[in-house]
>>> print(open('input.pdb').read())   # PDB, C-alpha atoms and all ligand atoms
ATOM      1  CA  MET A   1       0.000   0.000   0.000
ATOM      2  CA  THR A   2       1.241   3.493  -0.793
ATOM      3  CA  LEU A   3       0.700   5.497   2.399
ATOM      4  CA  LEU A   4       3.281   8.233   1.790
ATOM      5  CA  TYR A   5       4.598   9.469  -1.549
ATOM      6  CA  PRO A   6       6.814  12.396  -2.514
ATOM      7  CA  ILE A   7       6.020  14.930  -5.223
ATOM      8  CA  GLU A   8       8.777  17.503  -5.663
ATOM      9  CA  ASN A   9       9.358  19.115  -2.237
ATOM     10  CA  SER A  10       6.191  17.769  -0.642
ATOM     11  CA  LEU A  11       5.523  14.490   1.129
ATOM     12  CA  TYR A  12       1.933  13.368   0.551
ATOM     13  CA  VAL A  13      -0.099  11.280   2.987
ATOM     14  CA  ASN A  14      -2.639   8.870   1.501
ATOM     15  CA  ILE A  15      -4.692   8.404   4.669
ATOM     16  CA  THR A  16      -7.986   7.201   3.210
ATOM     17  CA  ASN A  17      -9.824   6.058   0.099
ATOM     18  CA  LEU A  18     -13.143   7.175   1.584
ATOM     19  CA  CYS A  19     -14.952  10.169   0.124
ATOM     20  CA  CYS A  20     -18.436  11.672   0.306
ATOM     21  CA  CYS A  21     -18.321  13.227  -3.182
ATOM     22  CA  LYS A  22     -18.207  11.989  -6.754
ATOM     23  CA  CYS A  23     -16.518  14.915  -8.474
ATOM     24  CA  VAL A  24     -16.764  14.738 -12.240
ATOM     25  CA  PHE A  25     -13.084  15.668 -12.547
ATOM     26  CA  CYS A  26     -11.796  13.363  -9.761
ATOM     27  CA  VAL A  27      -8.391  11.961 -10.660
ATOM     28  CA  ARG A  28      -9.531   8.619  -9.253
ATOM     29  CA  ASN A  29     -11.830   8.279 -12.270
ATOM     30  CA  PHE A  30      -8.905   8.407 -14.661
ATOM     31  CA  THR A  31      -5.781   6.879 -13.083
ATOM     32  CA  ASP A  32      -4.602   4.824 -10.102
ATOM     33  CA  SER A  33      -1.637   7.010  -9.216
ATOM     34  CA  VAL A  34      -0.406  10.604  -9.004
ATOM     35  CA  GLY A  35       3.012  12.104  -9.748
ATOM     36  CA  GLY A  36       4.660   8.738 -10.443
ATOM     37  CA  SER A  37       3.486   7.086  -7.215
ATOM     38  CA  ASP A  38       2.440   3.436  -7.074
ATOM     39  CA  SER A  39      -1.289   2.711  -6.939
ATOM     40  CA  LEU A  40      -3.020   4.862  -4.336
ATOM     41  CA  TRP A  41      -5.856   2.410  -3.839
ATOM     42  CA  LEU A  42      -5.551   1.030  -0.303
ATOM     43  CA  ASP A  43      -6.142  -2.574   0.885
ATOM     44  CA  HIS A  44      -7.573  -1.125   4.071
ATOM     45  CA  GLU A  45      -7.742   2.207   5.868
ATOM     46  CA  PRO A  46      -4.267   2.566   7.417
ATOM     47  CA  THR A  47      -3.754   2.700  11.171
ATOM     48  CA  ILE A  48      -1.708   5.400  12.843
ATOM     49  CA  GLU A  49       0.905   2.750  13.648
ATOM     50  CA  GLU A  50       1.177   1.832   9.967
ATOM     51  CA  LEU A  51       1.568   5.493   9.028
ATOM     52  CA  LYS A  52       4.240   6.024  11.696
ATOM     53  CA  SER A  53       6.097   2.951  10.519
ATOM     54  CA  GLU A  54       5.996   4.162   6.894
ATOM     55  CA  LEU A  55       7.243   7.598   7.940
ATOM     56  CA  GLU A  56      10.470   5.967   9.152
ATOM     57  CA  LYS A  57      11.367   5.367   5.480
ATOM     58  CA  PHE A  58      11.447   9.110   4.757
ATOM     59  CA  ASN A  59      13.672  11.936   5.972
ATOM     60  CA  LEU A  60      11.519  14.967   6.807
ATOM     61  CA  ASP A  61      14.551  17.192   6.204
ATOM     62  CA  ASP A  62      14.123  16.411   2.485
ATOM     63  CA  TYR A  63      10.697  18.095   2.326
ATOM     64  CA  GLU A  64       9.168  21.544   2.747
ATOM     65  CA  GLU A  65       5.715  20.324   3.711
ATOM     66  CA  VAL A  66       3.579  17.301   4.466
ATOM     67  CA  VAL A  67       0.285  17.229   2.570
ATOM     68  CA  PHE A  68      -2.778  15.192   3.500
ATOM     69  CA  CYS A  69      -4.352  14.521   0.128
ATOM     70  CA  GLY A  70      -4.126  11.107  -1.523
ATOM     71  CA  TYR A  71      -6.952   9.096  -3.018
ATOM     72  CA  GLY A  72      -9.875  10.150  -0.871
ATOM     73  CA  GLU A  73     -11.120  12.939   1.368
ATOM     74  CA  PRO A  74      -8.596  13.203   4.241
ATOM     75  CA  LEU A  75     -11.061  14.730   6.678
ATOM     76  CA  MET A  76     -13.252  11.627   6.479
ATOM     77  CA  ARG A  77     -10.605  10.611   9.057
ATOM     78  CA  ILE A  78     -10.083  13.960  10.729
ATOM     79  CA  ASN A  79      -9.057  12.460  14.074
ATOM     80  CA  GLU A  80      -6.340  10.392  12.410
ATOM     81  CA  VAL A  81      -5.205  13.400  10.344
ATOM     82  CA  VAL A  82      -4.790  15.465  13.493
ATOM     83  CA  GLU A  83      -3.085  12.637  15.382
ATOM     84  CA  PHE A  84      -0.613  11.869  12.599
ATOM     85  CA  ALA A  85       0.080  15.550  11.877
ATOM     86  CA  THR A  86       0.756  16.125  15.572
ATOM     87  CA  TYR A  87       3.115  13.146  15.572
ATOM     88  CA  ILE A  88       4.949  14.490  12.507
ATOM     89  CA  LYS A  89       5.315  17.896  14.147
ATOM     90  CA  SER A  90       6.744  16.232  17.257
ATOM     91  CA  LYS A  91       9.517  14.879  15.007
ATOM     92  CA  LYS A  92      10.067  18.101  13.055
ATOM     93  CA  ASN A  93       8.157  21.393  12.914
ATOM     94  CA  ILE A  94       7.465  21.004   9.209
ATOM     95  CA  LYS A  95       4.547  22.739   7.493
ATOM     96  CA  THR A  96       1.397  20.596   7.314
ATOM     97  CA  ARG A  97      -1.374  21.080   4.754
ATOM     98  CA  VAL A  98      -4.723  19.434   4.128
ATOM     99  CA  ASN A  99      -6.413  19.405   0.732
ATOM    100  CA  THR A 100     -10.095  18.934   1.457
ATOM    101  CA  ASN A 101     -13.566  19.129  -0.023
ATOM    102  CA  GLY A 102     -14.539  21.178   3.035
ATOM    103  CA  LEU A 103     -17.469  18.953   4.017
ATOM    104  CA  SER A 104     -15.976  17.816   7.308
ATOM    105  CA  ASP A 105     -18.746  19.392   9.403
ATOM    106  CA  LEU A 106     -21.382  17.392   7.533
ATOM    107  CA  ILE A 107     -19.300  14.219   7.685
ATOM    108  CA  HIS A 108     -18.838  14.461  11.449
ATOM    109  CA  LYS A 109     -22.098  16.278  12.281
ATOM    110  CA  LYS A 110     -20.318  19.029  14.243
ATOM    111  CA  LYS A 111     -18.001  22.026  13.792
ATOM    112  CA  THR A 112     -14.593  20.584  12.960
ATOM    113  CA  ALA A 113     -12.225  23.326  11.772
ATOM    114  CA  VAL A 114     -11.133  23.977  15.353
ATOM    115  CA  LEU A 115      -9.775  20.413  15.549
ATOM    116  CA  LEU A 116      -7.123  21.371  12.986
ATOM    117  CA  LYS A 117      -5.727  24.182  15.128
ATOM    118  CA  ASP A 118      -2.032  23.621  16.009
ATOM    119  CA  ALA A 119      -1.747  20.384  13.973
ATOM    120  CA  ILE A 120      -2.427  21.844  10.505
ATOM    121  CA  ASP A 121      -0.816  25.010   9.101
ATOM    122  CA  ALA A 122      -2.666  25.305   5.791
ATOM    123  CA  VAL A 123      -6.004  24.182   4.395
ATOM    124  CA  SER A 124      -6.840  24.142   0.695
ATOM    125  CA  ILE A 125     -10.583  23.828   0.183
ATOM    126  CA  SER A 126     -12.202  22.788  -3.086
ATOM    127  CA  LEU A 127     -14.654  25.607  -3.790
ATOM    128  CA  ASN A 128     -15.380  24.010  -7.151
ATOM    129  CA  ALA A 129     -18.261  26.338  -8.063
ATOM    130  CA  PRO A 130     -19.678  29.836  -7.534
ATOM    131  CA  ASN A 131     -23.060  28.608  -6.253
ATOM    132  CA  LYS A 132     -24.825  25.611  -4.764
ATOM    133  CA  GLU A 133     -26.460  24.480  -8.000
ATOM    134  CA  VAL A 134     -23.222  24.233  -9.971
ATOM    135  CA  TYR A 135     -21.482  22.745  -6.924
ATOM    136  CA  LEU A 136     -24.073  19.966  -6.725
ATOM    137  CA  LYS A 137     -23.597  19.152 -10.389
ATOM    138  CA  VAL A 138     -19.792  19.189 -10.304
ATOM    139  CA  THR A 139     -19.073  17.451  -6.983
ATOM    140  CA  GLN A 140     -22.181  15.249  -6.495
ATOM    141  CA  PRO A 141     -21.901  15.282  -2.691
ATOM    142  CA  ALA A 142     -23.686  12.658  -0.578
ATOM    143  CA  PHE A 143     -25.223  15.446   1.518
ATOM    144  CA  GLY A 144     -27.032  17.136  -1.357
ATOM    145  CA  ILE A 145     -27.773  20.814  -1.894
ATOM    146  CA  LYS A 146     -26.821  21.953   1.643
ATOM    147  CA  SER A 147     -23.209  20.947   0.999
ATOM    148  CA  PHE A 148     -22.091  24.200  -0.648
ATOM    149  CA  ASP A 149     -23.134  26.413   2.279
ATOM    150  CA  ALA A 150     -21.605  23.947   4.762
ATOM    151  CA  MET A 151     -18.325  24.069   2.826
ATOM    152  CA  LEU A 152     -18.326  27.898   2.920
ATOM    153  CA  ASP A 153     -18.999  27.858   6.678
ATOM    154  CA  PHE A 154     -16.102  25.446   7.171
ATOM    155  CA  ALA A 155     -13.837  27.768   5.169
ATOM    156  CA  LYS A 156     -14.847  30.763   7.296
ATOM    157  CA  ASP A 157     -14.169  28.738  10.459
ATOM    158  CA  CYS A 158     -10.746  27.689   9.144
ATOM    159  CA  LYS A 159      -9.833  31.364   8.743
ATOM    160  CA  THR A 160     -10.172  31.765  12.523
ATOM    161  CA  CYS A 161      -7.916  28.866  13.501
ATOM    162  CA  VAL A 162      -5.616  27.890  10.617
ATOM    163  CA  LYS A 163      -2.756  30.128   9.399
ATOM    164  CA  GLU A 164      -3.292  29.695   5.642
ATOM    165  CA  VAL A 165      -6.607  29.050   3.925
ATOM    166  CA  CYS A 166      -7.183  28.983   0.192
ATOM    167  CA  PHE A 167      -9.859  27.853  -2.233
ATOM    168  CA  SER A 168      -9.435  26.004  -5.502
ATOM    169  CA  VAL A 169     -11.585  25.486  -8.565
ATOM    170  CA  VAL A 170     -10.940  23.171 -11.483
ATOM    171  CA  ASP A 171     -11.302  24.603 -14.974
ATOM    172  CA  GLU A 172     -14.085  22.073 -15.511
ATOM    173  CA  ILE A 173     -16.519  24.971 -15.000
ATOM    174  CA  SER A 174     -16.976  27.852 -17.463
ATOM    175  CA  ASP A 175     -14.851  31.009 -17.547
ATOM    176  CA  LYS A 176     -17.864  32.963 -16.271
ATOM    177  CA  GLU A 177     -18.280  30.540 -13.361
ATOM    178  CA  ILE A 178     -14.562  30.779 -12.582
ATOM    179  CA  GLN A 179     -14.895  34.579 -12.523
ATOM    180  CA  GLU A 180     -17.913  34.328 -10.212
ATOM    181  CA  SER A 181     -15.972  31.899  -8.001
ATOM    182  CA  GLN A 182     -13.159  34.454  -7.847
ATOM    183  CA  GLU A 183     -15.611  37.142  -6.749
ATOM    184  CA  LEU A 184     -17.044  34.865  -4.053
ATOM    185  CA  ALA A 185     -13.573  33.935  -2.781
ATOM    186  CA  THR A 186     -12.541  37.602  -2.721
ATOM    187  CA  SER A 187     -15.684  38.531  -0.788
ATOM    188  CA  LEU A 188     -14.674  35.972   1.862
ATOM    189  CA  GLY A 189     -11.055  37.178   1.920
ATOM    190  CA  ILE A 190      -9.746  33.797   0.787
ATOM    191  CA  PRO A 191      -7.333  33.414  -2.169
ATOM    192  CA  LEU A 192      -8.464  31.247  -5.093
ATOM    193  CA  ARG A 193      -6.303  28.926  -7.168
ATOM    194  CA  VAL A 194      -7.548  27.729 -10.562
ATOM    195  CA  ARG A 195      -6.415  24.160 -11.243
ATOM    196  CA  ILE A 196      -6.069  22.674 -14.707
ATOM    197  CA  LYS A 197      -8.335  19.623 -15.033
ATOM    198  CA  SER A 198      -5.491  17.163 -15.572
ATOM    199  CA  ASN A 199      -3.652  18.293 -12.379
TER     200      ASN A 199
HETATM  201  S1  LIG B 201     -13.618  15.273  -3.082
HETATM  202 FE1  LIG B 201     -11.617  14.750  -3.947
HETATM  203  S2  LIG B 201     -11.430  12.489  -3.714
HETATM  204 FE2  LIG B 201     -13.590  13.037  -3.438
HETATM  205  S3  LIG B 201     -14.511  12.749  -5.458
HETATM  206 FE3  LIG B 201     -13.930  14.922  -5.265
HETATM  207  S4  LIG B 201     -11.878  15.068  -6.142
HETATM  208 FE4  LIG B 201     -12.284  12.888  -5.750
END
>>> encode(input="input.pdb", output="structure tokens", more="lines below")
Ligand code: SF4
Amino acid sequence: MTLLYPIENSLYVNITNLCCCKCVFCVRNFTDSVGGSDSLWLDHEPTIEELKSELEKFNLDDYEEVVFCGYGEPLMRINEVVEFATYIKSKKNIKTRVNTNGLSDLIHKKKTAVLLKDAIDAVSISLNAPNKEVYLKVTQPAFGIKSFDAMLDFAKDCKTCVKEVCFSVVDEISDKEIQESQELATSLGIPLRVRIKSN
């Protein structure tokens, strides 16, 4: 199982294959690996002990950041993300980042951004759309139409307890929708990154 994999100066953590969305652009629909890694499909959801053991194979001095991303939604396992990130920081105070769909509050049925405080330095949230209708179409979340507003609330909460917060959209949506997404992100004071579909 590929639990950790390097891409350039980042060490990625593949902590889960679980996800509550079915994004039309999801890389999992097109390939089994990212950035030259082995298959990112897991035999089972890894334990903290397995992650710690895998970490021994890597030298944190070789990386600028550790990124929770992989082949699923990391915050499906938010407790394990926080525990493993805290463990990593006990070894070296390296930057930690989570790439997330921002639906953690709906997944766990409570406010969750505060759990990331201290363990996670940066959160990149998939905005994906300028409004709830387009969001529903593009991400197909298990929680339905309320998902977009919940994701925005999570982003606002992250701004109060995480050092760096940014949004991303994939160029799957139209130029007009990207522009509207930019305006929404700006209104919330959160930078927006536009990702190319194949990335
Ligand atoms: S949230 Fe991420 S892992 Fe889940 S379907 Fe969308 S792109 Fe794929």
>>> closest_residue(input="input.pdb", among="A:Lys111, A:Lys91, A:Lys176, A:Lys159", to="Ile190 of chain A", atoms="only C-alpha atoms")
A:Lys159
>>> residues_near_ligand(input="input.pdb", ligand="ligand LIG 201 (chain B)", cutoff="12 Å", atoms="only C-alpha atoms and all ligand atoms", output="PDB file with C-alpha atoms, in the frame of the given file")
ATOM      1  CA  ASN A  14      -2.639   8.870   1.501  1.00  0.00           C
ATOM      2  CA  ILE A  15      -4.692   8.404   4.669  1.00  0.00           C
ATOM      3  CA  THR A  16      -7.986   7.201   3.210  1.00  0.00           C
ATOM      4  CA  ASN A  17      -9.824   6.058   0.099  1.00  0.00           C
ATOM      5  CA  LEU A  18     -13.143   7.175   1.584  1.00  0.00           C
ATOM      6  CA  CYS A  19     -14.952  10.169   0.124  1.00  0.00           C
ATOM      7  CA  CYS A  20     -18.436  11.672   0.306  1.00  0.00           C
ATOM      8  CA  CYS A  21     -18.321  13.227  -3.182  1.00  0.00           C
ATOM      9  CA  LYS A  22     -18.207  11.989  -6.754  1.00  0.00           C
ATOM     10  CA  CYS A  23     -16.518  14.915  -8.474  1.00  0.00           C
ATOM     11  CA  VAL A  24     -16.764  14.738 -12.240  1.00  0.00           C
ATOM     12  CA  PHE A  25     -13.084  15.668 -12.547  1.00  0.00           C
ATOM     13  CA  CYS A  26     -11.796  13.363  -9.761  1.00  0.00           C
ATOM     14  CA  VAL A  27      -8.391  11.961 -10.660  1.00  0.00           C
ATOM     15  CA  ARG A  28      -9.531   8.619  -9.253  1.00  0.00           C
ATOM     16  CA  ASN A  29     -11.830   8.279 -12.270  1.00  0.00           C
ATOM     17  CA  PHE A  30      -8.905   8.407 -14.661  1.00  0.00           C
ATOM     18  CA  THR A  31      -5.781   6.879 -13.083  1.00  0.00           C
ATOM     19  CA  ASP A  32      -4.602   4.824 -10.102  1.00  0.00           C
ATOM     20  CA  LEU A  40      -3.020   4.862  -4.336  1.00  0.00           C
ATOM     21  CA  TRP A  41      -5.856   2.410  -3.839  1.00  0.00           C
ATOM     22  CA  PHE A  68      -2.778  15.192   3.500  1.00  0.00           C
ATOM     23  CA  CYS A  69      -4.352  14.521   0.128  1.00  0.00           C
ATOM     24  CA  GLY A  70      -4.126  11.107  -1.523  1.00  0.00           C
ATOM     25  CA  TYR A  71      -6.952   9.096  -3.018  1.00  0.00           C
ATOM     26  CA  GLY A  72      -9.875  10.150  -0.871  1.00  0.00           C
ATOM     27  CA  GLU A  73     -11.120  12.939   1.368  1.00  0.00           C
ATOM     28  CA  PRO A  74      -8.596  13.203   4.241  1.00  0.00           C
ATOM     29  CA  LEU A  75     -11.061  14.730   6.678  1.00  0.00           C
ATOM     30  CA  MET A  76     -13.252  11.627   6.479  1.00  0.00           C
ATOM     31  CA  VAL A  98      -4.723  19.434   4.128  1.00  0.00           C
ATOM     32  CA  ASN A  99      -6.413  19.405   0.732  1.00  0.00           C
ATOM     33  CA  THR A 100     -10.095  18.934   1.457  1.00  0.00           C
ATOM     34  CA  ASN A 101     -13.566  19.129  -0.023  1.00  0.00           C
ATOM     35  CA  GLY A 102     -14.539  21.178   3.035  1.00  0.00           C
ATOM     36  CA  LEU A 103     -17.469  18.953   4.017  1.00  0.00           C
ATOM     37  CA  SER A 104     -15.976  17.816   7.308  1.00  0.00           C
ATOM     38  CA  SER A 124      -6.840  24.142   0.695  1.00  0.00           C
ATOM     39  CA  ILE A 125     -10.583  23.828   0.183  1.00  0.00           C
ATOM     40  CA  SER A 126     -12.202  22.788  -3.086  1.00  0.00           C
ATOM     41  CA  LEU A 127     -14.654  25.607  -3.790  1.00  0.00           C
ATOM     42  CA  ASN A 128     -15.380  24.010  -7.151  1.00  0.00           C
ATOM     43  CA  TYR A 135     -21.482  22.745  -6.924  1.00  0.00           C
ATOM     44  CA  LEU A 136     -24.073  19.966  -6.725  1.00  0.00           C
ATOM     45  CA  LYS A 137     -23.597  19.152 -10.389  1.00  0.00           C
ATOM     46  CA  VAL A 138     -19.792  19.189 -10.304  1.00  0.00           C
ATOM     47  CA  THR A 139     -19.073  17.451  -6.983  1.00  0.00           C
ATOM     48  CA  GLN A 140     -22.181  15.249  -6.495  1.00  0.00           C
ATOM     49  CA  PRO A 141     -21.901  15.282  -2.691  1.00  0.00           C
ATOM     50  CA  ALA A 142     -23.686  12.658  -0.578  1.00  0.00           C
ATOM     51  CA  SER A 147     -23.209  20.947   0.999  1.00  0.00           C
ATOM     52  CA  MET A 151     -18.325  24.069   2.826  1.00  0.00           C
ATOM     53  CA  SER A 168      -9.435  26.004  -5.502  1.00  0.00           C
ATOM     54  CA  VAL A 169     -11.585  25.486  -8.565  1.00  0.00           C
ATOM     55  CA  VAL A 170     -10.940  23.171 -11.483  1.00  0.00           C
ATOM     56  CA  GLU A 172     -14.085  22.073 -15.511  1.00  0.00           C
ATOM     57  CA  ARG A 195      -6.415  24.160 -11.243  1.00  0.00           C
ATOM     58  CA  LYS A 197      -8.335  19.623 -15.033  1.00  0.00           C
ATOM     59  CA  SER A 198      -5.491  17.163 -15.572  1.00  0.00           C
ATOM     60  CA  ASN A 199      -3.652  18.293 -12.379  1.00  0.00           C
TER      61      ASN A 199
END
>>> closest_residue(input="input.pdb", among="A:Val66, A:Ala129, A:Val82, A:Ile173", to="Asp149 of chain A", atoms="all atoms listed in the file")
A:Ala129
>>> closest_residue(input="input.pdb", among="A:Val13, A:Ala122, A:Val194, A:Leu42", to="Ile178 of chain A", atoms="all atoms listed in the file")
A:Val194
>>> atom_distance(input="input.pdb", atom1="atom CA of Glu133 of chain A", atom2="atom CA of Glu177 of chain A")
11.5 Å
>>> atom_distance(input="input.pdb", atom1="atom CA of Glu45 of chain A", atom2="atom CA of Cys161 of chain A")
27.7 Å
>>> atom_distance(input="input.pdb", atom1="atom CA of Leu188 of chain A", atom2="atom CA of Leu152 of chain A")
8.9 Å
>>> closest_residue(input="input.pdb", among="A:Ile48, A:Val134, A:Ala113, A:Met1", to="Asp157 of chain A", atoms="only C-alpha atoms")
A:Ala113
>>> closest_residue(input="input.pdb", among="A:Leu115, A:Leu3, A:Val165, A:Leu106", to="Gly144 of chain A", atoms="all atoms listed in the file")
A:Leu106
>>> residues_near_point(input="input.pdb", point="(2.6, 14.1, 12.6)", cutoff="10 Å", atoms="only C-alpha atoms", output="ChimeraX atom specification")
/A:48,51-52,55,66,80-94,96,119-120
>>> resolve_selection(input="input.pdb", expression="the PyMOL selection byres (((chain A and resi 158) around 9) and not hetatm)", output="number ranges by chain")
A: 112-114, 116-117, 123, 153-157, 159-165
>>> decode(input="input.pdb", residues="segment 36-83 of chain A", atoms="C-alpha atoms", output="tab-separated table (two decimals), in the first residue's frame")
chain	number	residue	atom	x	y	z
A	36	GLY	CA	4.66	8.74	-10.44
A	37	SER	CA	3.49	7.09	-7.22
A	38	ASP	CA	2.44	3.44	-7.07
A	39	SER	CA	-1.29	2.71	-6.94
A	40	LEU	CA	-3.02	4.86	-4.34
A	41	TRP	CA	-5.86	2.41	-3.84
A	42	LEU	CA	-5.55	1.03	-0.30
A	43	ASP	CA	-6.14	-2.57	0.89
A	44	HIS	CA	-7.57	-1.12	4.07
A	45	GLU	CA	-7.74	2.21	5.87
A	46	PRO	CA	-4.27	2.57	7.42
A	47	THR	CA	-3.75	2.70	11.17
A	48	ILE	CA	-1.71	5.40	12.84
A	49	GLU	CA	0.90	2.75	13.65
A	50	GLU	CA	1.18	1.83	9.97
A	51	LEU	CA	1.57	5.49	9.03
A	52	LYS	CA	4.24	6.02	11.70
A	53	SER	CA	6.10	2.95	10.52
A	54	GLU	CA	6.00	4.16	6.89
A	55	LEU	CA	7.24	7.60	7.94
A	56	GLU	CA	10.47	5.97	9.15
A	57	LYS	CA	11.37	5.37	5.48
A	58	PHE	CA	11.45	9.11	4.76
A	59	ASN	CA	13.67	11.94	5.97
A	60	LEU	CA	11.52	14.97	6.81
A	61	ASP	CA	14.55	17.19	6.20
A	62	ASP	CA	14.12	16.41	2.48
A	63	TYR	CA	10.70	18.10	2.33
A	64	GLU	CA	9.17	21.54	2.75
A	65	GLU	CA	5.72	20.32	3.71
A	66	VAL	CA	3.58	17.30	4.47
A	67	VAL	CA	0.28	17.23	2.57
A	68	PHE	CA	-2.78	15.19	3.50
A	69	CYS	CA	-4.35	14.52	0.13
A	70	GLY	CA	-4.13	11.11	-1.52
A	71	TYR	CA	-6.95	9.10	-3.02
A	72	GLY	CA	-9.87	10.15	-0.87
A	73	GLU	CA	-11.12	12.94	1.37
A	74	PRO	CA	-8.60	13.20	4.24
A	75	LEU	CA	-11.06	14.73	6.68
A	76	MET	CA	-13.25	11.63	6.48
A	77	ARG	CA	-10.61	10.61	9.06
A	78	ILE	CA	-10.08	13.96	10.73
A	79	ASN	CA	-9.06	12.46	14.07
A	80	GLU	CA	-6.34	10.39	12.41
A	81	VAL	CA	-5.20	13.40	10.34
A	82	VAL	CA	-4.79	15.47	13.49
A	83	GLU	CA	-3.09	12.64	15.38
